[in-house]
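What follows is the content of input28.txt (compact mmCIF, C-alpha atoms).
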# COMPACT_ATOMS: atom_id res chain seq x y z
CA MET A 1 37.10 63.26 202.29
CA GLY A 2 39.58 63.20 205.15
CA LYS A 3 40.65 59.84 206.55
CA GLY A 4 38.84 58.54 209.60
CA LYS A 5 35.95 60.24 211.33
CA LEU A 6 36.04 63.03 213.87
CA GLU A 7 34.16 62.27 217.06
CA ILE A 8 31.28 64.67 217.65
CA TYR A 9 29.89 64.30 221.14
CA LYS A 10 26.17 63.67 221.46
CA ASN A 11 24.19 65.88 223.78
CA ASP A 12 21.52 63.99 225.77
CA ASN A 13 20.09 66.98 227.65
CA TYR A 14 16.53 67.33 226.33
CA ILE A 15 16.30 70.97 227.49
CA LEU A 16 19.40 71.93 225.54
CA ASN A 17 18.21 69.88 222.59
CA ASP A 18 14.88 71.72 222.71
CA ALA A 19 16.69 75.06 222.53
CA PHE A 20 18.69 73.98 219.49
CA ASP A 21 15.57 72.50 217.90
CA GLN A 22 14.05 75.98 218.01
CA ALA A 23 17.14 77.38 216.28
CA VAL A 24 17.00 74.62 213.65
CA MET A 25 13.34 75.40 212.98
CA ASN A 26 14.17 79.08 212.47
CA LEU A 27 17.01 78.27 210.05
CA HIS A 28 14.77 75.82 208.20
CA VAL A 29 12.16 78.57 207.75
CA LEU A 30 14.82 81.00 206.51
CA LYS A 31 16.06 78.40 204.04
CA LYS A 32 12.59 77.67 202.76
CA GLN A 33 11.48 81.32 202.52
CA ASN A 34 14.73 83.01 201.45
CA GLY A 35 17.06 80.24 200.31
CA TYR A 36 19.51 80.90 203.16
CA LYS A 37 22.09 78.17 203.61
CA SER A 38 25.34 79.84 204.76
CA PHE A 39 25.63 81.33 208.26
CA VAL A 40 28.33 82.99 210.34
CA ILE A 41 28.16 82.23 214.06
CA CYS A 42 30.29 84.67 216.06
CA GLY A 43 30.57 85.96 219.59
CA CYS A 44 30.37 89.57 220.65
CA GLU A 45 33.41 89.16 222.89
CA THR A 46 35.92 86.37 223.48
CA GLY A 47 34.67 83.54 225.67
CA ASP A 48 31.03 83.77 224.62
CA GLY A 49 30.91 80.06 223.75
CA THR A 50 30.58 80.40 219.99
CA THR A 51 32.27 77.08 219.19
CA THR A 52 29.96 75.12 221.51
CA VAL A 53 26.93 76.76 219.92
CA SER A 54 28.26 76.18 216.39
CA ILE A 55 28.96 72.48 217.00
CA ASN A 56 25.55 71.84 218.54
CA LEU A 57 23.73 73.83 215.88
CA ALA A 58 25.53 72.08 213.02
CA ALA A 59 24.95 68.65 214.62
CA SER A 60 21.26 69.45 215.11
CA LEU A 61 20.87 70.48 211.47
CA ALA A 62 22.62 67.30 210.36
CA SER A 63 20.41 65.17 212.62
CA SER A 64 17.40 66.74 210.91
CA GLY A 65 18.60 65.23 207.64
CA TRP A 66 20.35 68.26 206.13
CA LYS A 67 23.83 67.80 204.69
CA THR A 68 25.80 70.24 206.84
CA VAL A 69 29.41 71.38 206.97
CA LEU A 70 30.90 73.12 210.01
CA ILE A 71 33.92 75.32 209.26
CA ASP A 72 36.40 76.49 211.86
CA GLY A 73 37.16 79.97 210.55
CA ASP A 74 39.38 81.01 213.46
CA MET A 75 42.87 80.87 211.95
CA ARG A 76 44.39 82.78 214.87
CA LYS A 77 43.71 80.51 217.87
CA LYS A 78 46.19 77.69 218.48
CA ASN A 79 44.98 74.13 217.98
CA ARG A 80 45.48 73.15 221.60
CA TYR A 81 42.55 75.42 222.37
CA LYS A 82 40.40 73.79 219.68
CA ARG A 83 37.92 71.04 220.41
CA LEU A 84 37.99 69.21 217.06
CA ASN A 85 41.34 70.02 215.43
CA GLU A 86 43.67 67.81 217.44
CA ASN A 87 44.04 65.08 214.78
CA VAL A 88 43.42 67.21 211.67
CA SER A 89 46.47 68.27 209.66
CA LEU A 90 44.89 70.28 206.83
CA GLY A 91 42.20 72.93 206.85
CA LEU A 92 40.74 76.10 205.41
CA SER A 93 43.93 78.18 205.35
CA ASP A 94 45.76 75.39 203.49
CA TYR A 95 43.14 75.49 200.76
CA LEU A 96 43.21 79.30 200.58
CA LEU A 97 47.03 79.21 200.31
CA GLY A 98 46.84 76.68 197.47
CA LYS A 99 48.44 73.89 199.54
CA ALA A 100 45.45 71.52 199.48
CA GLU A 101 42.40 70.62 197.43
CA LEU A 102 38.90 71.04 198.80
CA SER A 103 38.47 67.27 199.06
CA ASP A 104 41.62 67.15 201.24
CA ILE A 105 40.21 69.41 203.94
CA ILE A 106 36.65 68.06 204.32
CA CYS A 107 36.49 65.57 207.19
CA ASP A 108 33.75 63.08 207.93
CA THR A 109 32.37 62.99 211.46
CA THR A 110 30.61 60.41 213.60
CA THR A 111 27.37 62.40 213.18
CA GLY A 112 25.52 61.44 210.03
CA ASN A 113 25.23 64.22 207.39
CA LEU A 114 27.81 66.36 209.24
CA SER A 115 31.22 67.21 207.77
CA TYR A 116 33.94 69.40 209.26
CA ILE A 117 36.66 71.71 207.94
CA ALA A 118 39.42 72.67 210.38
CA CYS A 119 41.08 76.08 210.39
CA GLY A 120 44.36 74.73 209.00
CA GLU A 121 47.70 76.48 209.27
CA LEU A 122 47.58 79.33 211.78
CA LEU A 123 48.14 82.85 210.50
CA ASP A 124 49.00 86.13 212.19
CA ASN A 125 46.59 88.03 209.97
CA PRO A 126 44.17 85.92 207.89
CA VAL A 127 42.04 88.86 206.71
CA ARG A 128 43.61 89.02 203.24
CA LEU A 129 42.93 85.33 202.69
CA LEU A 130 39.36 85.71 203.91
CA CYS A 131 38.88 88.53 201.38
CA SER A 132 40.39 86.54 198.51
CA SER A 133 38.66 85.06 195.48
CA LYS A 134 39.65 81.62 196.79
CA MET A 135 37.39 82.22 199.80
CA THR A 136 34.47 83.02 197.49
CA GLU A 137 35.37 79.93 195.50
CA VAL A 138 35.32 77.61 198.51
CA LYS A 139 31.94 78.96 199.65
CA ASP A 140 30.44 78.49 196.17
CA LYS A 141 31.76 74.93 195.90
CA LEU A 142 30.47 74.01 199.35
CA SER A 143 27.05 75.46 198.46
CA GLU A 144 26.82 72.88 195.69
CA LYS A 145 27.59 69.99 198.07
CA PHE A 146 25.80 70.97 201.29
CA ASP A 147 22.38 72.17 202.44
CA PHE A 148 23.85 74.25 205.29
CA ILE A 149 27.26 75.86 205.80
CA ILE A 150 28.10 77.00 209.33
CA PHE A 151 31.14 79.25 209.86
CA ASP A 152 32.46 79.30 213.44
CA MET A 153 34.25 82.66 213.54
CA PRO A 154 36.20 84.69 216.16
CA ALA A 155 34.40 87.30 218.24
CA VAL A 156 33.47 90.43 216.32
CA ASN A 157 35.09 92.76 218.87
CA ALA A 158 38.33 90.73 218.88
CA ALA A 159 39.13 90.64 215.14
CA MET A 160 37.80 91.71 211.74
CA ASP A 161 37.56 88.10 210.52
CA ALA A 162 33.88 87.56 211.31
CA SER A 163 32.85 90.85 209.70
CA VAL A 164 34.72 89.93 206.51
CA ILE A 165 32.96 86.57 206.12
CA ALA A 166 29.63 87.98 207.29
CA THR A 167 29.48 90.15 204.18
CA SER A 168 29.50 87.12 201.88
CA VAL A 169 27.19 84.66 203.68
CA ASP A 170 23.42 84.62 203.74
CA ALA A 171 23.05 85.57 207.41
CA THR A 172 24.93 86.13 210.66
CA ILE A 173 24.03 85.14 214.22
CA LEU A 174 25.66 86.70 217.28
CA VAL A 175 26.34 84.66 220.42
CA SER A 176 26.21 86.43 223.77
CA ASN A 177 27.08 84.99 227.17
CA ILE A 178 24.46 85.76 229.79
CA GLY A 179 25.95 87.66 232.71
CA GLU A 180 29.33 88.12 231.02
CA THR A 181 28.80 89.76 227.64
CA SER A 182 28.53 93.47 228.33
CA LYS A 183 25.72 95.57 226.91
CA LYS A 184 28.39 97.78 225.35
CA GLY A 185 30.06 94.76 223.76
CA LEU A 186 26.77 93.53 222.30
CA VAL A 187 25.91 96.94 220.87
CA GLU A 188 29.41 97.41 219.42
CA ALA A 189 29.36 93.96 217.79
CA ALA A 190 25.92 94.53 216.28
CA ASN A 191 26.98 97.97 214.99
CA ALA A 192 30.19 96.56 213.48
CA LEU A 193 28.20 93.97 211.52
CA THR A 194 25.59 96.54 210.48
CA GLU A 195 28.32 98.90 209.22
CA VAL A 196 29.58 96.28 206.75
CA LYS A 197 25.96 95.55 205.75
CA ALA A 198 25.99 92.02 207.12
CA ASN A 199 22.58 90.37 207.40
CA LEU A 200 22.38 90.11 211.20
CA ILE A 201 19.28 88.03 211.95
CA GLY A 202 19.50 87.62 215.72
CA THR A 203 21.35 86.60 218.86
CA ILE A 204 21.71 83.27 220.61
CA ILE A 205 21.97 83.77 224.37
CA ASN A 206 24.40 81.23 225.81
CA LYS A 207 24.93 79.83 229.31
CA LEU A 208 21.53 80.63 230.81
CA ASP A 209 20.89 78.95 234.13
CA MET A 210 17.75 76.88 234.60
CA ASP A 211 15.73 79.64 236.28
CA GLN A 212 16.48 82.05 233.45
CA TYR A 213 15.52 79.47 230.82
CA VAL A 214 12.26 78.61 232.57
CA ALA A 215 11.39 82.32 232.89
CA GLY A 216 11.60 82.65 229.12
CA HIS A 217 9.99 79.29 228.31
CA GLU A 218 7.25 78.65 230.85
CA ASP A 219 6.16 75.34 229.28
CA TYR A 220 9.63 74.19 228.27
CA ASP A 221 9.03 70.74 229.78
CA TYR A 222 5.42 70.30 228.69
CA PHE A 223 6.00 66.81 227.30
CA GLN A 224 8.42 65.72 230.04
CA ASN A 225 6.96 66.91 233.31
CA GLU A 226 4.50 64.56 235.02
CA LYS A 227 2.30 67.41 236.22
CA TYR A 228 1.33 68.27 232.65
CA LEU A 229 0.48 64.64 231.93
CA LYS A 230 -1.75 64.54 235.01
CA ASN A 231 -3.45 67.82 234.09
CA ASN A 232 -3.99 66.55 230.57
CA LYS A 233 -5.71 63.39 231.89
CA LYS A 234 -8.01 65.52 234.07
CA THR A 235 -8.90 67.68 231.09
CA LYS A 236 -9.81 64.59 229.05
CA LYS A 237 -12.08 63.30 231.85
CA ARG A 238 -13.91 66.60 231.93
Would you give me this structure, written as structure tokens?
Amino acid sequence: MGKGKLEIYKNDNYILNDAFDQAVMNLHVLKKQNGYKSFVICGCETGDGTTTVSINLAASLASSGWKTVLIDGDMRKKNRYKRLNENVSLGLSDYLLGKAELSDIICDTTTGNLSYIACGELLDNPVRLLCSSKMTEVKDKLSEKFDFIIFDMPAVNAAMDASVIATSVDATILVSNIGETSKKGLVEAANALTEVKANLIGTIINKLDMDQYVAGHEDYDYFQNEKYLKNNKKTKKR
């Protein structure tokens, strides 16, 4: 394992935690019913918030007791734009190029059961590496060590990278940004994944405001809101 532990921030917002708990439940069901353990998380367009979703999803899975590894598969974006790569020297591309062993690129984190693999050396065109036998090898080895493998990949409409990995994982989840991801962009991303026969299982809608979330989840705060507690006491009296 890598030296030291990467700091993974803890989210204390119970509404956001509730949303990720629903996603964790769905992935748990897929694992139990179909044996799914490897997932690509990718945006439709750049700026959809894929990395934030990937980190929270991976941390939530780990907090549920599953050994989880989060992989930064974006080997194009510079590290200064990355949230977790600042102090990590080796990563996925270094392993694929034969410059590091798998044990060299797996980093411990401050979240129990959660490990992290950085993108590594940046490349102008990582597609050939992502298509290589070494990529299949790393996925197979990680499957032996972890219960869940989460790939944080670039937006589908920005590069081919996500589509390449999506063909070799168990399932793919699109991330769309409410109010910013265009309908055209969503359709094009879904079609691109379908064309390569990726197993697209759904979309996570990111950056909803409170009114939009409440509209879709009427009783989202059932166990938090005092009015429900009061109503529940009245029901018991009756």
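Interatomic distance, CA of Lys139 (chain A) to CA of Gly185 (chain A): 28.9 Å.
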Do you have, as JSON lines, the list of residues of region 120-183 of chain A lying at most 8 Å from region 45-51 of chain A, each with its nearest atom pair and that distance in Å to one decimal, counting only C-alpha atoms and ordered by chain then number?
{"residue": "A:Asp152", "atom": "CA", "partner": "A:Thr51", "partner_atom": "CA", "distance": 6.2}
{"residue": "A:Met153", "atom": "CA", "partner": "A:Thr50", "partner_atom": "CA", "distance": 7.8}
{"residue": "A:Pro154", "atom": "CA", "partner": "A:Thr46", "partner_atom": "CA", "distance": 7.5}
{"residue": "A:Ala155", "atom": "CA", "partner": "A:Glu45", "partner_atom": "CA", "distance": 5.1}
{"residue": "A:Val156", "atom": "CA", "partner": "A:Glu45", "partner_atom": "CA", "distance": 6.7}
{"residue": "A:Asn157", "atom": "CA", "partner": "A:Glu45", "partner_atom": "CA", "distance": 5.7}
{"residue": "A:Ala158", "atom": "CA", "partner": "A:Glu45", "partner_atom": "CA", "distance": 6.5}
{"residue": "A:Val175", "atom": "CA", "partner": "A:Thr50", "partner_atom": "CA", "distance": 6.0}
{"residue": "A:Ser176", "atom": "CA", "partner": "A:Asp48", "partner_atom": "CA", "distance": 5.6}
{"residue": "A:Asn177", "atom": "CA", "partner": "A:Asp48", "partner_atom": "CA", "distance": 4.9}
{"residue": "A:Glu180", "atom": "CA", "partner": "A:Asp48", "partner_atom": "CA", "distance": 7.9}
{"residue": "A:Thr181", "atom": "CA", "partner": "A:Glu45", "partner_atom": "CA", "distance": 6.6}
Next item on the list: Would you mind reading off the distance between CA of Val187 (chain A) and CA of Val169 (chain A), one decimal, in Å?
Entry: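 It comes out at 21.2 Å.
Comparing A:Asn113, A:Thr194, A:Asn125, A:Thr68 by their smallest distance to Ala159 (chain A), the closest is A:Asn125 (using all atoms listed in the file).
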Item checked: Two-atom distance - CA of Ala166 (chain A), CA of Cys42 (chain A) (Å) -> 9.4 Å
Notebook entry, point to check: Pick the closest to Lys31 (chain A) from A:Ile149, A:Leu130, A:Met160, A:Ile55: which is it, counting only C-alpha atoms?
Noted result: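 Under the stated criterion, the closest residue is A:Ile149.
If you measure from each of A:Ala198, A:Ile106, A:Leu96, A:Ala118 to Met135 (chain A) using all atoms listed in the file, the closest one turns out to be A:Leu96.
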Next item on the list: Rank nothing, just name the residue among A:Glu137, A:Asp147, A:Glu101, A:Asp72 nearest to Leu114 (chain A), using all atoms listed in the file.
Entry: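 Between A:Glu137, A:Asp147, A:Glu101, A:Asp72, the residue approaching Leu114 (chain A) most closely is A:Asp147.
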Next item on the list: Select, from A:Val138, A:Cys131, A:Val88, A:Ala58, the residue with the minimum atom-to-atom distance to Phe20 (chain A), counting only C-alpha atoms.
Entry: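 The closest residue to Phe20 (chain A) is A:Ala58.
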Box time for region 128-139 of chain A: axis-aligned, enclosing all its listed atoms, 3 Å extra on each side; report centre and edge lengths in Å to one decimal, as lines of an AutoDock Vina configuration file.
center_x = 37.8
center_y = 83.3
center_z = 199.7
size_x = 17.7
size_y = 17.4
size_z = 14.4
Notebook entry, point to check: When distances are computed from all atoms listed in the file, which of A:Ser182, A:Thr167, A:Asn56, A:Ser64 shows the smallest separation from Ile150 (chain A)?
Noted result: A:Asn56
